[in-house]
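To be precise, the following lines are my_file.txt, and they hold compact mmCIF, C-alpha atoms and all ligand atoms.
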# COMPACT_ATOMS: atom_id res chain seq x y z
CA MET A 1 116.63 -10.61 118.18
CA ALA A 2 113.30 -12.25 118.94
CA ASP A 3 113.74 -11.33 122.62
CA HIS A 4 113.90 -7.63 121.92
CA THR A 5 111.30 -5.30 123.34
CA THR A 6 110.38 -2.56 120.88
CA ILE A 7 109.95 1.15 121.54
CA VAL A 8 108.15 2.91 118.68
CA ILE A 9 108.46 6.66 118.11
CA ILE A 10 105.77 8.19 115.91
CA GLY A 11 107.18 11.08 113.88
CA ALA A 12 110.43 12.06 112.21
CA GLY A 13 110.23 15.77 112.99
CA VAL A 14 112.80 17.42 115.22
CA ILE A 15 111.03 16.13 118.35
CA GLY A 16 110.84 12.49 117.19
CA LEU A 17 114.41 12.45 115.86
CA THR A 18 115.90 14.08 118.96
CA THR A 19 113.95 11.73 121.20
CA GLY A 20 115.13 8.78 119.10
CA LEU A 21 118.76 9.75 119.61
CA ARG A 22 118.26 10.34 123.32
CA LEU A 23 116.57 6.94 123.74
CA LEU A 24 119.39 5.19 121.86
CA ALA A 25 121.84 6.81 124.28
CA THR A 26 119.89 5.99 127.43
CA THR A 27 118.34 2.54 126.88
CA ASP A 28 120.03 -0.84 126.77
CA GLN A 29 120.18 -1.70 123.07
CA ALA A 30 120.77 -5.37 123.84
CA LYS A 31 117.25 -5.34 125.26
CA TYR A 32 115.35 -2.60 123.44
CA ARG A 33 114.94 -1.99 119.72
CA ILE A 34 113.95 1.58 118.74
CA ILE A 35 111.90 2.25 115.61
CA ILE A 36 110.74 5.58 114.23
CA VAL A 37 107.54 5.21 112.24
CA SER A 38 106.49 8.21 110.22
CA ARG A 39 104.48 9.51 107.28
CA GLU A 40 107.13 12.08 106.26
CA TRP A 41 110.91 12.09 106.53
CA PRO A 42 113.74 14.63 106.20
CA THR A 43 115.23 12.72 103.30
CA SER A 44 113.70 10.14 101.09
CA ILE A 45 113.70 6.60 102.42
CA PRO A 46 112.15 3.82 100.31
CA GLY A 47 108.43 4.47 99.95
CA ALA A 48 108.47 7.96 101.45
CA PRO A 49 107.32 10.92 99.35
CA VAL A 50 110.13 13.28 98.26
CA ASN A 51 108.09 16.49 98.65
CA HIS A 52 107.09 17.67 102.10
CA SER A 53 103.61 18.78 103.12
CA VAL A 54 102.85 22.01 105.00
CA ASN A 55 102.01 19.85 108.03
CA TYR A 56 105.61 18.68 108.43
CA ALA A 57 106.65 21.72 110.44
CA SER A 58 110.31 20.78 110.93
CA MET A 59 111.09 21.25 107.24
CA TRP A 60 109.82 24.84 107.18
CA ALA A 61 111.25 26.29 110.40
CA GLY A 62 113.70 29.22 110.38
CA ALA A 63 115.05 28.10 112.84
CA HIS A 64 116.53 30.27 115.56
CA MET A 65 116.77 30.08 119.34
CA ARG A 66 114.93 33.07 120.77
CA PRO A 67 114.33 33.01 124.54
CA ILE A 68 111.03 34.43 125.84
CA PRO A 69 110.85 35.86 129.40
CA ALA A 70 109.68 33.02 131.65
CA SER A 71 106.71 34.89 133.08
CA THR A 72 104.21 31.99 133.29
CA PRO A 73 104.54 28.35 134.46
CA GLN A 74 104.34 27.19 130.82
CA LEU A 75 107.09 29.59 129.75
CA GLN A 76 109.22 28.50 132.73
CA ARG A 77 108.90 24.89 131.63
CA GLU A 78 109.86 25.87 128.07
CA ALA A 79 112.78 27.99 129.32
CA ALA A 80 114.22 24.95 131.13
CA TRP A 81 113.92 22.89 127.93
CA LEU A 82 115.53 25.69 125.91
CA LYS A 83 118.44 25.98 128.33
CA HIS A 84 119.06 22.27 127.93
CA ALA A 85 118.94 22.59 124.13
CA ALA A 86 121.39 25.52 124.21
CA ARG A 87 123.93 23.34 126.02
CA THR A 88 123.45 20.53 123.52
CA PHE A 89 123.75 22.84 120.49
CA GLU A 90 127.07 24.10 121.87
CA GLU A 91 128.31 20.51 122.24
CA GLN A 92 127.09 19.60 118.76
CA ILE A 93 128.95 22.53 117.20
CA ARG A 94 132.13 21.39 118.96
CA GLN A 95 131.77 17.70 118.18
CA THR A 96 130.07 17.76 114.74
CA PRO A 97 130.55 21.20 113.13
CA SER A 98 128.69 20.14 109.97
CA ILE A 99 125.51 19.09 111.79
CA GLY A 100 123.62 22.25 110.79
CA VAL A 101 123.77 24.44 113.93
CA THR A 102 125.64 27.79 113.93
CA LYS A 103 126.36 30.18 116.78
CA CYS A 104 125.57 33.79 115.88
CA LYS A 105 124.29 37.08 117.24
CA GLY A 106 120.56 37.42 117.96
CA ILE A 107 118.83 40.82 117.95
CA GLU A 108 115.37 41.63 119.33
CA LEU A 109 113.46 44.83 118.59
CA LEU A 110 110.16 45.50 120.36
CA GLU A 111 107.71 48.32 119.70
CA ALA A 112 105.51 47.49 122.72
CA PRO A 113 107.48 45.31 125.15
CA THR A 114 105.69 43.44 127.93
CA ALA A 115 106.78 43.84 131.56
CA GLY A 116 108.78 40.60 131.26
CA TYR A 117 110.99 42.17 128.58
CA GLU A 118 111.21 45.54 130.35
CA GLN A 119 112.43 43.89 133.57
CA GLN A 120 114.92 41.57 131.89
CA THR A 121 118.60 41.97 132.81
CA ALA A 122 121.73 40.24 131.55
CA GLU A 123 121.64 38.08 134.71
CA SER A 124 117.97 37.06 134.43
CA PHE A 125 118.40 36.41 130.70
CA PHE A 126 121.41 34.16 131.32
CA SER A 127 119.78 32.33 134.20
CA GLU A 128 116.68 31.53 132.10
CA SER A 129 118.45 30.63 128.85
CA GLY A 130 122.13 29.94 129.49
CA LEU A 131 122.92 32.34 126.61
CA ASN A 132 125.72 34.89 126.99
CA ASN A 133 126.51 38.47 126.03
CA TYR A 134 123.08 40.02 126.54
CA ARG A 135 123.24 43.77 125.95
CA LYS A 136 120.33 46.21 126.04
CA TYR A 137 120.56 48.93 123.36
CA SER A 138 120.48 52.58 124.32
CA GLN A 139 117.59 54.69 122.98
CA ALA A 140 120.00 56.31 120.50
CA GLU A 141 120.80 52.93 118.96
CA LEU A 142 117.16 51.96 118.31
CA PRO A 143 115.35 52.47 115.00
CA PRO A 144 112.28 54.77 114.98
CA GLY A 145 109.21 53.33 116.72
CA VAL A 146 111.16 50.70 118.66
CA ARG A 147 110.99 51.05 122.47
CA LEU A 148 113.29 48.24 123.54
CA GLY A 149 116.10 46.39 121.80
CA PHE A 150 118.82 43.99 122.86
CA GLU A 151 121.32 41.47 121.50
CA TYR A 152 122.78 38.18 122.74
CA ASP A 153 124.65 35.11 121.53
CA THR A 154 122.37 32.46 120.12
CA TYR A 155 122.06 29.61 117.61
CA CYS A 156 120.54 29.24 114.16
CA VAL A 157 119.66 25.83 112.77
CA ASN A 158 119.50 24.97 109.07
CA ALA A 159 116.38 22.89 109.68
CA PRO A 160 116.43 20.47 106.69
CA VAL A 161 120.21 19.89 106.95
CA TYR A 162 120.01 19.38 110.71
CA CYS A 163 117.05 16.98 110.59
CA ALA A 164 118.72 14.93 107.84
CA ASN A 165 121.85 14.70 110.00
CA LEU A 166 119.84 13.67 113.07
CA LEU A 167 118.20 10.93 111.02
CA ARG A 168 121.58 9.75 109.72
CA SER A 169 122.96 9.58 113.27
CA PHE A 170 119.88 7.73 114.45
CA ILE A 171 120.33 5.05 111.76
CA LEU A 172 124.11 4.80 112.27
CA GLN A 173 123.60 4.30 115.99
CA GLY A 174 121.24 1.37 115.46
CA GLY A 175 117.79 3.00 115.16
CA ARG A 176 115.28 1.60 112.66
CA CYS A 177 112.84 3.41 110.36
CA MET A 178 109.45 2.54 108.94
CA GLN A 179 107.32 4.59 106.55
CA ARG A 180 103.65 4.45 107.56
CA ASP A 181 100.61 6.73 107.85
CA LEU A 182 98.97 5.81 111.15
CA SER A 183 95.30 6.33 112.03
CA SER A 184 95.89 6.44 115.77
CA GLU A 185 98.81 6.50 118.21
CA TRP A 186 97.56 3.12 119.52
CA GLU A 187 98.00 1.63 116.03
CA ALA A 188 101.76 2.03 116.48
CA SER A 189 101.76 -0.85 118.96
CA SER A 190 100.90 -3.23 116.10
CA ILE A 191 103.70 -2.31 113.67
CA ALA A 192 106.31 -4.64 115.20
CA PRO A 193 106.41 -7.60 117.58
CA ASN A 194 106.56 -6.97 121.29
CA VAL A 195 105.96 -3.20 121.38
CA SER A 196 106.22 -2.10 124.97
CA LEU A 197 105.98 1.63 124.61
CA VAL A 198 105.07 4.26 122.00
CA VAL A 199 106.32 7.85 121.96
CA ASN A 200 103.80 10.07 120.19
CA ALA A 201 105.88 12.82 118.55
CA SER A 202 103.40 13.35 115.72
CA GLY A 203 103.47 17.16 115.85
CA MET A 204 99.73 17.79 116.28
CA GLY A 205 98.69 14.54 117.98
CA PHE A 206 95.72 12.44 116.91
CA GLY A 207 92.49 14.40 117.26
CA ASP A 208 93.54 16.38 120.36
CA LYS A 209 91.01 19.24 120.46
CA LYS A 210 93.56 21.50 122.14
CA CYS A 211 95.80 21.39 119.03
CA PHE A 212 95.61 23.87 116.18
CA PRO A 213 97.98 25.11 113.47
CA ILE A 214 99.65 28.51 113.43
CA ARG A 215 100.28 29.25 109.77
CA GLY A 216 103.68 30.66 108.94
CA GLN A 217 104.46 32.19 105.57
CA THR A 218 108.10 33.10 105.04
CA VAL A 219 110.38 33.72 102.07
CA LEU A 220 113.64 31.90 101.49
CA THR A 221 116.00 34.42 99.87
CA ASP A 222 119.61 34.75 98.75
CA LEU A 223 120.44 37.42 101.37
CA SER A 224 123.79 35.72 101.89
CA ALA A 225 125.36 38.71 103.66
CA VAL A 226 123.11 38.24 106.68
CA THR A 227 124.96 36.68 109.60
CA LYS A 228 122.70 37.63 112.51
CA THR A 229 119.14 36.68 113.35
CA VAL A 230 116.88 39.69 113.92
CA THR A 231 113.29 39.68 115.23
CA LYS A 232 110.96 42.64 115.45
CA GLN A 233 107.69 42.45 117.40
CA LYS A 234 105.40 45.21 116.24
CA ARG A 235 102.79 47.14 118.20
CA ASP A 236 99.97 45.70 116.06
CA GLY A 237 100.94 42.12 117.01
CA THR A 238 102.67 41.29 113.71
CA TRP A 239 106.24 40.07 113.36
CA SER A 240 109.21 40.57 111.12
CA PHE A 241 112.32 38.40 111.28
CA ILE A 242 115.38 37.30 109.35
CA ILE A 243 117.08 34.00 110.05
CA PRO A 244 120.27 33.02 108.20
CA ARG A 245 120.32 29.40 107.09
CA PHE A 246 124.04 28.84 107.38
CA PHE A 247 125.58 26.04 105.28
CA GLU A 248 124.62 27.86 102.05
CA GLY A 249 120.90 27.58 102.75
CA GLY A 250 120.04 31.25 102.05
CA THR A 251 118.19 33.45 104.53
CA VAL A 252 114.64 33.01 105.77
CA VAL A 253 112.72 36.29 105.82
CA GLY A 254 109.49 36.18 107.77
CA GLY A 255 106.82 36.11 108.46
CA THR A 256 103.33 35.47 109.57
CA LYS A 257 101.89 33.81 112.68
CA GLN A 258 98.26 33.07 111.83
CA PRO A 259 96.45 30.89 114.39
CA GLY A 260 93.86 28.55 112.89
CA ASP A 261 94.60 29.58 109.28
CA TRP A 262 94.76 26.44 107.11
CA THR A 263 95.69 28.19 103.82
CA ALA A 264 98.34 25.96 102.28
CA GLN A 265 99.35 28.15 99.34
CA PRO A 266 101.69 31.16 99.68
CA ILE A 267 99.97 34.53 99.20
CA LEU A 268 101.90 36.88 96.93
CA SER A 269 100.88 40.11 98.66
CA THR A 270 102.17 38.60 101.93
CA ARG A 271 105.49 37.85 100.23
CA SER A 272 105.85 41.54 99.26
CA SER A 273 105.09 42.90 102.73
CA VAL A 274 107.30 40.31 104.43
CA LEU A 275 110.23 41.22 102.15
CA SER A 276 109.84 44.95 102.54
CA GLU A 277 109.74 44.72 106.37
CA GLY A 278 112.58 42.19 106.30
CA ARG A 279 114.83 44.56 104.36
CA LYS A 280 114.40 47.22 107.04
CA ILE A 281 115.50 44.99 109.89
CA ALA A 282 118.32 43.54 107.79
CA GLU A 283 119.57 47.10 107.29
CA PHE A 284 119.45 47.63 111.03
CA ALA A 285 121.61 44.53 111.51
CA SER A 286 124.01 46.40 109.17
CA ASP A 287 124.72 43.61 106.77
CA SER A 288 125.77 45.77 103.84
CA SER A 289 124.00 44.16 100.88
CA ALA A 290 120.94 43.14 102.85
CA GLY A 291 118.98 46.31 102.22
CA SER A 292 119.34 46.30 98.44
CA ASN A 293 116.28 45.79 96.26
CA ASP A 294 117.55 42.92 94.14
CA VAL A 295 116.89 40.15 96.63
CA ARG A 296 116.26 36.87 94.84
CA VAL A 297 113.41 34.72 96.09
CA ILE A 298 114.49 31.08 96.25
CA ALA A 299 111.18 29.77 97.54
CA ASP A 300 107.94 30.83 99.19
CA ILE A 301 107.43 28.80 102.34
CA VAL A 302 104.22 27.88 104.12
CA GLY A 303 104.32 25.69 107.22
CA ARG A 304 101.98 24.89 110.10
CA ARG A 305 103.36 25.30 113.60
CA PRO A 306 101.82 22.49 115.70
CA MET A 307 100.37 24.56 118.53
CA ARG A 308 98.61 23.27 121.63
CA GLU A 309 96.55 25.27 124.10
CA GLY A 310 98.35 25.13 127.45
CA GLY A 311 101.65 24.04 125.87
CA MET A 312 103.22 20.78 124.81
CA ARG A 313 101.74 17.52 125.98
CA VAL A 314 104.58 15.59 127.59
CA GLU A 315 103.06 12.87 129.74
CA VAL A 316 102.40 9.14 129.99
CA GLU A 317 99.03 7.73 129.00
CA HIS A 318 97.99 4.26 130.09
CA PRO A 319 95.72 2.22 127.87
CA TYR A 320 92.05 3.11 128.08
CA GLY A 321 92.66 5.40 131.05
CA THR A 322 93.40 2.51 133.42
CA SER A 323 96.17 2.46 135.98
CA VAL A 324 99.43 0.56 135.49
CA LYS A 325 98.38 -2.30 137.78
CA GLY A 326 97.04 -5.30 135.94
CA GLN A 327 97.92 -3.85 132.52
CA SER A 328 101.49 -5.09 132.25
CA SER A 329 101.08 -6.59 128.80
CA MET A 330 99.66 -3.43 127.27
CA THR A 331 101.49 -0.69 125.49
CA ARG A 332 101.97 2.67 127.18
CA ILE A 333 102.09 5.96 125.30
CA VAL A 334 104.44 8.81 126.15
CA HIS A 335 103.08 11.89 124.43
CA ALA A 336 105.44 14.56 123.09
CA TYR A 337 103.54 16.84 120.73
CA GLY A 338 102.32 20.42 120.40
CA ALA A 339 105.68 22.22 120.29
CA GLY A 340 104.14 25.20 118.44
CA GLY A 341 106.73 27.66 117.16
CA ARG A 342 109.52 26.43 119.45
CA GLY A 343 110.27 22.81 118.51
CA PHE A 344 113.95 23.27 117.61
CA GLU A 345 114.89 25.57 120.47
CA ILE A 346 113.32 23.30 123.12
CA SER A 347 114.02 19.95 121.40
CA TRP A 348 116.79 18.53 123.62
CA GLY A 349 115.08 19.51 126.87
CA VAL A 350 111.88 17.82 125.72
CA ALA A 351 113.81 14.71 124.62
CA GLU A 352 115.46 14.50 128.04
CA GLU A 353 112.09 14.65 129.80
CA VAL A 354 110.59 12.07 127.44
CA ALA A 355 113.59 9.77 127.99
CA SER A 356 113.09 9.89 131.76
CA LEU A 357 109.36 9.19 131.39
CA VAL A 358 110.21 6.24 129.12
CA LYS A 359 112.75 4.92 131.60
CA ALA A 360 110.37 5.20 134.55
CA THR A 361 107.51 3.59 132.60
CA LEU A 362 109.66 0.66 131.45
CA LEU A 363 110.93 0.12 134.99
CA ILE A 364 107.38 -0.07 136.34
CA LYS A 365 106.36 -2.48 133.57
CA ASP A 366 109.42 -4.66 134.14
CA SER A 367 108.83 -4.80 137.89
CA ILE A 368 105.18 -5.84 137.38
CA ILE A 369 106.26 -8.56 134.95
CA GLN A 370 108.96 -9.77 137.39
CA ALA A 371 106.43 -9.83 140.23
CA LYS A 372 104.09 -12.00 138.16
CA LEU A 373 106.79 -14.54 137.23
C1 LIG B 401 107.46 29.11 109.38
C2 LIG B 401 107.94 28.43 110.63
C3 LIG B 401 109.00 28.97 111.35
C4 LIG B 401 109.45 28.34 112.52
N1 LIG B 401 110.53 28.86 113.17
C5 LIG B 401 111.01 28.24 114.27
C6 LIG B 401 112.17 28.72 114.95
O1 LIG B 401 112.75 29.73 114.56
N2 LIG B 401 112.62 28.04 116.05
C7 LIG B 401 111.99 26.91 116.51
O2 LIG B 401 112.45 26.34 117.50
N3 LIG B 401 110.88 26.44 115.88
C8 LIG B 401 110.38 27.07 114.79
N4 LIG B 401 109.26 26.60 114.17
C9 LIG B 401 108.48 25.54 114.83
C10 LIG B 401 109.04 24.17 114.56
O3 LIG B 401 109.16 23.96 113.18
C11 LIG B 401 108.11 23.13 115.18
O4 LIG B 401 107.87 23.42 116.54
C12 LIG B 401 108.74 21.75 115.11
O5 LIG B 401 109.13 21.47 113.80
C13 LIG B 401 107.76 20.69 115.59
O6 LIG B 401 108.41 19.46 115.45
P1 LIG B 401 107.61 18.12 115.65
O7 LIG B 401 108.60 17.03 115.49
O8 LIG B 401 106.80 18.17 116.89
O9 LIG B 401 106.53 18.11 114.45
P2 LIG B 401 106.75 17.90 112.85
O10 LIG B 401 108.00 18.47 112.38
O11 LIG B 401 105.48 18.40 112.21
O12 LIG B 401 106.84 16.35 112.70
C14 LIG B 401 105.74 15.50 112.93
C15 LIG B 401 106.13 14.13 112.40
O13 LIG B 401 105.05 13.22 112.69
C16 LIG B 401 104.71 12.52 111.51
N5 LIG B 401 103.28 12.20 111.57
C17 LIG B 401 102.25 13.04 111.81
N6 LIG B 401 101.08 12.38 111.74
C18 LIG B 401 101.38 11.08 111.44
C19 LIG B 401 100.60 9.91 111.22
N7 LIG B 401 99.27 9.94 111.27
N8 LIG B 401 101.24 8.75 110.92
C20 LIG B 401 102.59 8.71 110.85
N9 LIG B 401 103.38 9.79 111.04
C21 LIG B 401 102.77 10.96 111.33
C22 LIG B 401 105.00 13.50 110.39
O14 LIG B 401 105.13 12.83 109.14
C23 LIG B 401 106.32 14.09 110.88
O15 LIG B 401 107.39 13.27 110.55
C24 LIG B 401 108.80 27.18 112.98
C25 LIG B 401 107.76 26.63 112.25
C26 LIG B 401 107.32 27.25 111.08
C27 LIG B 401 106.20 26.62 110.31
Can the structure in the file be given as C-alpha cells, please?
Amino acid sequence: MADHTTIVIIGAGVIGLTTGLRLLATTDQAKYRIIIVSREWPTSIPGAPVNHSVNYASMWAGAHMRPIPASTPQLQREAAWLKHAARTFEEQIRQTPSIGVTKCKGIELLEAPTAGYEQQTAESFFSESGLNNYRKYSQAELPPGVRLGFEYDTYCVNAPVYCANLLRSFILQGGRCMQRDLSSEWEASSIAPNVSLVVNASGMGFGDKKCFPIRGQTVLTDLSAVTKTVTKQKRDGTWSFIIPRFFEGGTVVGGTKQPGDWTAQPILSTRSSVLSEGRKIAEFASDSSAGSNDVRVIADIVGRRPMREGGMRVEVEHPYGTSVKGQSSMTRIVHAYGAGGRGFEISWGVAEEVASLVKATLLIKDSIIQAKL
C-alpha cells in the first residue's frame, strides 16, 4: 500500500463522481489509489452534514438532457460531451436499471427561436446529440404564442438517487472518500501521502473570477402523471419546464435562471408563477391530471448552477505556472469545473476528457521520474 500513488478528486457532485468512476476504470489500481475529498456528499458519510447547501448544485438539478444547437465552439464542445453522456446513459439503463436514469420523451416549445433552432433538422439534431426520433410540430399542433416546437427521445435523471448510486459504485469499485472543506485546490495535495495529481471538480473552482452562480428556483411537486420533460423558452427570456423525477421522486416544475443572484431562500411569489406556467405546459404534454389545481408542493428548491464565462475549465495546470520539466515531484491539477446548467447531461463526456488528461499527465510525470533514475 505504501507504494501507491494517490489521485485526489475534489468534489462529490456529478462531475467528481463520474470522473472518479472513469478513473477507476482507466487507471491501474495496483499502482494508483483514488480518493474523493469533499465538503458535501450525496448521502451522509461519517462527519458529513446531512442537509445540503444551495451551493451543492447536483442535489438540486432537474435533471434532463436537453441538446442545444451547436452554433458556437463552446456549444460544439458541450455537444460532443453530451453525445458521449447519452451513450453512457443508454448503457446504464440496460446494465443497472435502478441507477436513476430514465428514457422518456422530451418536448421543446420556443416563442422566439434562434436561427440554430430554426435550421435544425432530424439529421443535424441526431448528429449533434445522438438522440433519436426528432419531430418538428406543425403550426396546428403548437400552443398559442409558440413559433417552434419539437420532440425527441431523451433521458431524465433523478439527481439525488443517481448521485448516491454513483457514490456507491465508486466505493464498491475501490474508491476512497474523505470529508474535508478545502481552502485551495493545492491543499488537496496534502491530504494523503504521495499525491501525484488532483482533479478539481469543485463546481465553482477556488476564486476563479470567471465563475458565478445562476440561481435556480424550482418546485418539487407530486405531479406523478407527468412522464415527459417539457421546456418552454419564452420571448421575454424566461423559462418554464417540467422534469419528472422517475423512481417516485415527484416532478420538478421550474423555474428561474438568475445570473449572479445569491438569494438562498425560496421566494413564494416565484413559486406561484412557476407553478401556474408549469401547469400550462404540463397540459400541453397531455398528462391528464397534470393541469389540475390541487398540485401538492413537496419542497421549494433553490440551487446555484456553477457557471463559468467561456464554458467549463477542463485543462491541466502545473504548479506555480511552471512547465512540466524539473517539477516532477510536484502535484499537477486537472481542472473540471464550471458546468453551469448542464453538468448531468455532459458529465460522461467531461469525465472522458479529464481521464485522458490525467493519463497523459501521469505518463509525462512517470517518464521524467524514470529519466532521473
Ligand atoms: C435548479 C437547477 C436545475 C438544473 N437542471 C439541470 C438539468 O436539467 N440538466 C443538467 O445537466 N444540469 C442541470 N443543472 C446543473 C447541474 O446541477 C450542475 O451543472 C452540476 O450539478 C454541477 O456539478 P459539479 O459536480 O460540477 O458541482 P456540484 O454539484 O456543485 O459539486 C461540487 C462538489 O465540490 C465540493 N466542494 C466545493 N468546494 C469545496 C471545498 N472548498 N472543499 C471541499 N469540497 C468542495 C462540494 O461539496 C460538492 O461536493 C441544474 C442545476 C440547478 C441548480
Region 51-61 of chain A environment, 7 Å, all atoms listed in the file, sequence neighbours closer than 2 positions dropped, as a PDB file with C-alpha atoms, in the frame of the given file:
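The resulting result24.pdb:
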ATOM      1  CA  GLY A  13     110.230  15.770 112.990  1.00  0.00           C
ATOM      2  CA  VAL A  14     112.800  17.420 115.220  1.00  0.00           C
ATOM      3  CA  GLU A  40     107.130  12.080 106.260  1.00  0.00           C
ATOM      4  CA  PRO A  49     107.320  10.920  99.350  1.00  0.00           C
ATOM      5  CA  ALA A  63     115.050  28.100 112.840  1.00  0.00           C
ATOM      6  CA  ALA A 159     116.380  22.890 109.680  1.00  0.00           C
ATOM      7  CA  PRO A 160     116.430  20.470 106.690  1.00  0.00           C
ATOM      8  CA  ALA A 264      98.340  25.960 102.280  1.00  0.00           C
ATOM      9  CA  ILE A 301     107.430  28.800 102.340  1.00  0.00           C
ATOM     10  CA  VAL A 302     104.220  27.880 104.120  1.00  0.00           C
ATOM     11  CA  GLY A 303     104.320  25.690 107.220  1.00  0.00           C
ATOM     12  CA  ARG A 304     101.980  24.890 110.100  1.00  0.00           C
ATOM     13  CA  ARG A 305     103.360  25.300 113.600  1.00  0.00           C
TER      14      ARG A 305
END
Exercise. Out of A:Glu317, A:Glu123, A:Asp3, A:Glu352, which residue has the shortest atom-to-atom distance to Trp186 (chain A) when counting only C-alpha atoms?
Worked result: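 Counting only C-alpha atoms, the residue closest to Trp186 (chain A) is A:Glu317.
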Judged by only C-alpha atoms and all ligand atoms, the minimum distance to ligand LIG 401 (chain B) among A:Gly20, A:Gly341, A:Gly100, A:Pro69 is found for A:Gly341
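The list of residues with at least one atom within 12 Å of Gln92 (chain A), based on only C-alpha atoms and without residues fewer than 4 positions apart in the same chain, reads A:Ala85, A:Ala86, A:Arg87, A:Thr88, A:Thr96, A:Pro97, A:Ser98, A:Ile99, A:Gly100, A:Val101, A:Thr102, A:Lys103, A:Tyr155, A:Val157, A:Tyr162, A:Asn165, A:Leu166, A:Trp348.
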Would you save the residues of that selection, restricted to C-alpha atoms, as a CSV table (one decimal), keeping the file's coordinate frame?
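Wrote it out as part-v4.csv, contents follow:
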chain,number,residue,atom,x,y,z
A,85,ALA,CA,118.9,22.6,124.1
A,86,ALA,CA,121.4,25.5,124.2
A,87,ARG,CA,123.9,23.3,126.0
A,88,THR,CA,123.4,20.5,123.5
A,96,THR,CA,130.1,17.8,114.7
A,97,PRO,CA,130.6,21.2,113.1
A,98,SER,CA,128.7,20.1,110.0
A,99,ILE,CA,125.5,19.1,111.8
A,100,GLY,CA,123.6,22.2,110.8
A,101,VAL,CA,123.8,24.4,113.9
A,102,THR,CA,125.6,27.8,113.9
A,103,LYS,CA,126.4,30.2,116.8
A,155,TYR,CA,122.1,29.6,117.6
A,157,VAL,CA,119.7,25.8,112.8
A,162,TYR,CA,120.0,19.4,110.7
A,165,ASN,CA,121.8,14.7,110.0
A,166,LEU,CA,119.8,13.7,113.1
A,348,TRP,CA,116.8,18.5,123.6
Closest contacts (region 261-366 of chain A/region 133-144 of chain A, max 10 Å, only C-alpha atoms) as JSON lines:
{"residue": "A:Lys280", "atom": "CA", "partner": "A:Pro143", "partner_atom": "CA", "distance": 9.6}
{"residue": "A:Ile281", "atom": "CA", "partner": "A:Pro143", "partner_atom": "CA", "distance": 9.1}
{"residue": "A:Phe284", "atom": "CA", "partner": "A:Pro143", "partner_atom": "CA", "distance": 7.5}
message = Which residues are near Thr19 (chain A)? Cut-off 9 Å, only C-alpha atoms, ignore same chain within fewer than 5 positions. Put them as a VMD selection string.
response = chain A and resid 9 14 24 199 201 347 to 348 350 to 352 354 to 355
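You can rank A:Val37, A:Ala164, A:Leu148, A:Leu357 by their closest distance to Ala112 (chain A) using all atoms listed in the file, and at the top of that list sits A:Leu148.
Near region 234-250 of chain A, within 6 Å and counting all atoms listed in the file, sit Gly62, Glu111, Ala112, Asn158, Thr221, Asp222, Ser224, Thr229 and Gly255 of chain A; same-chain residues fewer than 5 positions away were not included.
In this structure, CA of Phe212 (chain A) sits 21.9 Å away from CA of Arg66 (chain A).
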request  = Would you work out the distance separating atom O3 of ligand LIG 401 (chain B) from CA of Leu197 (chain A), expressed in Å to one decimal?
outcome  =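 Atom O3 of ligand LIG 401 (chain B) sits 25.3 Å away from CA of Leu197 (chain A).
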